[in-house]
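Peer 1: Okay, handing you the structure first.
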Amino acid sequence: MCFYTDCSATNVGPLRQNRRSFLKMASAGALTIAMPQMSYAAGDTILSSHGSGFCNLAFFLTHALQLGQQEGVKLDMVMTPNFADQVTILGAGQADAGLIPYTNFLALAGDGAPLKIVAGGGIEGCVLVAQPGLDSPEKLKGKTLGTFQLNTLEILPYDWLKRKGVSFKDINVRYIGSTPEGVEAFRAGALDLICTIEPYASGLLRDVKGSVMLSDGVDIYGKGYTDCVLAVRTDVINSHRPALKALIKGMMRAQLKAETEPEEALKHLVGTYYKTSPENARIAMTKQPSVVDARNQSKFILERTETLLEMGYLKKKPDASVLDWSVLEEAIAEDKDVWDKLKYKSA
């Protein structure tokens, strides 16, 4: 969620959705929200939704420093009180872009939403944490997992449990509204398991004595797996390409700043965008780096459609046409000095 108060002119009210209604609401434009009209004339503005994890770091830093303004583009953010809204407003056409989990994107695209992935957000950083003593798969049956619906944070425990021989049906799944809600529920013992994102995973493992990290995703997906992606409305790609390109350039500059001046970057983020301690934020930066150039994750993203099909979130697989790296490639070509200096990028 958005923790700060000046991120947007628009506050979207909370939604309560079950598994069956989630996609219908998000992709069919069933939700009508009063939004300011975007003007791409003199001084472009891109209105975007976002998440709460460190995969959003380059996006948040781009917003904090308005790194696209040197090319006349402003990034504005929608303040959404819970995760469902973050996805729904994008699928319903009420925002130009969204930094969202790739799993949510696949479900929206599979249901016909006119969206494409144009850049990455961050890699790794999804962590399955258990209460003290729940240190093996066989101890998890009948326990309660807190997660977000259709999120990478739901797909990871599904894939991990399947790999360990435990059915998702053998645990109780509780969909939580926001990251702070889930974190506090775990601290209070109301959840046996939680799949959460950095910096909150590191915070729980540090603060809840005896808590167990069951998976950080690397054990089943391998190093460098993606989490969030920049999804954009196709009409924005087609009609406002220079503005989108400027946004991606800003995100690359933000990634470079995070890699080369991490303490300076965190000064703009901790306490405003991330409600965590500087120490936890430093740990999170190393565990969930920003990666704007996510072209090498195409195969991984599309492979996850198998899990979404199994879970009933997809009726048919989206193909490679939902990925459009062309604007990113143009941004790289025009700002190659920045791209060359990035630590994390596609070869």
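A note on labels: chains of the structure tokens are A, B, ... as shown, every chain counts residues from 1, and ligands are counted from 1 in their shown order.
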Fewer than 6 positions away in the same chain doesn't count, so skip those; otherwise give me all residues within 10 Å of Leu106 (chain A), counting only C-alpha atoms, as a ChimeraX atom specification.
Peer 2: /A:112-113,115-117,150,301-302,304-305,308,313-314,317-319,322
Peer 1: Write out as a list of chain:residue names each polymer residue whose atoms come within 10 Å of Ala119 (chain A), counting only C-alpha atoms; drop sequence neighbours fewer than 3 positions from it.
Peer 2: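 My list of contacting residues is A:Leu99, A:Lys116, A:Gly122, A:Cys228, A:Val229, A:Leu230, A:Ala231, A:Val232, A:Ile248, A:Met251, A:Val291, A:Val292, A:Asp293, A:Ala294, A:Arg295, A:Leu323, A:Asp324, A:Trp325, A:Ser326, A:Val327, A:Leu328, A:Glu329.
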Peer 1: Per DSSP on the backbone, filter region 67-145 of chain A down to the residues in strand (DSSP E) and report them as number ranges by chain.
Peer 2: A: 73-77, 97-101, 115-120, 126-130, 144-145
Peer 1: Output C-alpha atoms for every residue in that selection, as a tab-separated table (two decimals), in the first residue's frame.
Peer 2:
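Result written to selection28.tsv:
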```
chain	number	residue	atom	x	y	z
A	73	VAL	CA	7.17	13.79	-17.54
A	74	LYS	CA	5.69	13.63	-14.06
A	75	LEU	CA	4.93	10.37	-12.26
A	76	ASP	CA	1.81	10.54	-10.10
A	77	MET	CA	0.61	7.71	-7.88
A	97	ALA	CA	0.45	2.00	-15.49
A	98	GLY	CA	1.07	-0.18	-12.48
A	99	LEU	CA	4.06	-1.69	-10.73
A	100	ILE	CA	2.34	-5.00	-9.92
A	101	PRO	CA	3.22	-8.67	-9.38
A	115	LEU	CA	-2.04	-4.42	-20.85
A	116	LYS	CA	1.58	-5.27	-21.60
A	117	ILE	CA	4.71	-5.72	-19.50
A	118	VAL	CA	7.24	-3.08	-20.56
A	119	ALA	CA	9.88	-3.19	-17.81
A	120	GLY	CA	10.84	-4.86	-14.56
A	126	CYS	CA	9.39	-12.99	-1.66
A	127	VAL	CA	9.67	-14.91	1.63
A	128	LEU	CA	7.56	-17.60	3.28
A	129	VAL	CA	7.87	-17.16	7.05
A	130	ALA	CA	6.47	-19.50	9.73
A	144	THR	CA	-3.29	-20.68	8.43
A	145	LEU	CA	-1.39	-18.81	5.74
```
Peer 1: Compare A:Gly93, A:Gly250, A:Pro180, A:Gly125 by their minimum atom-to-atom distance to Ile197 (chain A), counting only C-alpha atoms, and give me the closest one.
Peer 2: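 Checking each candidate against Ile197 (chain A), we get A:Gly125 as the closest.
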Peer 1: For Glu259 (chain A), which residue among A:Lys341, A:Lys139, A:Lys336, A:Lys162 is the nearest when counting only C-alpha atoms?
Peer 2: A:Lys341
Peer 1: CA of Leu108 (chain A) and CA of Gly91 (chain A) are how many Å apart?
Peer 2: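 Spanning CA of Leu108 (chain A) to CA of Gly91 (chain A) is a straight-line distance of 6.4 Å.
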Peer 1: Which residue is closest to Thr103 (chain A)? Choose from A:Met311, A:Leu214, A:Met285, A:Val173 and count only C-alpha atoms.
Peer 2: A:Met311
Peer 1: Check the smallest atom-to-atom distance from each of A:Val270, A:Tyr102, A:Thr88, A:Ala95 to Pro199 (chain A) using only C-alpha atoms, then report the winner.
Peer 2: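 Nearest to Pro199 (chain A): A:Val270.
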Peer 1: Report the distance between CA of Ala58 (chain A) and CA of Ile237 (chain A) in Å, rounded to one decimal place.
Peer 2: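 Spanning CA of Ala58 (chain A) to CA of Ile237 (chain A) is a straight-line distance of 20.2 Å.
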Peer 1: With only C-alpha atoms as the counted atoms, please give the residues lying no more than 8 Å from Thr147 (chain A), apart from itself and same-chain residues fewer than 4 positions off, as a list in words.
Peer 2: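 Contacts, in chain order: Asn151, Leu153, Glu154, Val173, Arg174, Tyr175, Ile176, Gly182, Ile194, Cys195 and Thr196 of chain A.
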Peer 1: Report the distance between CA of Trp339 (chain A) and CA of Gln86 (chain A) in Å, rounded to one decimal place.
Peer 2: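 Here the two named atoms are 28.9 Å from each other.
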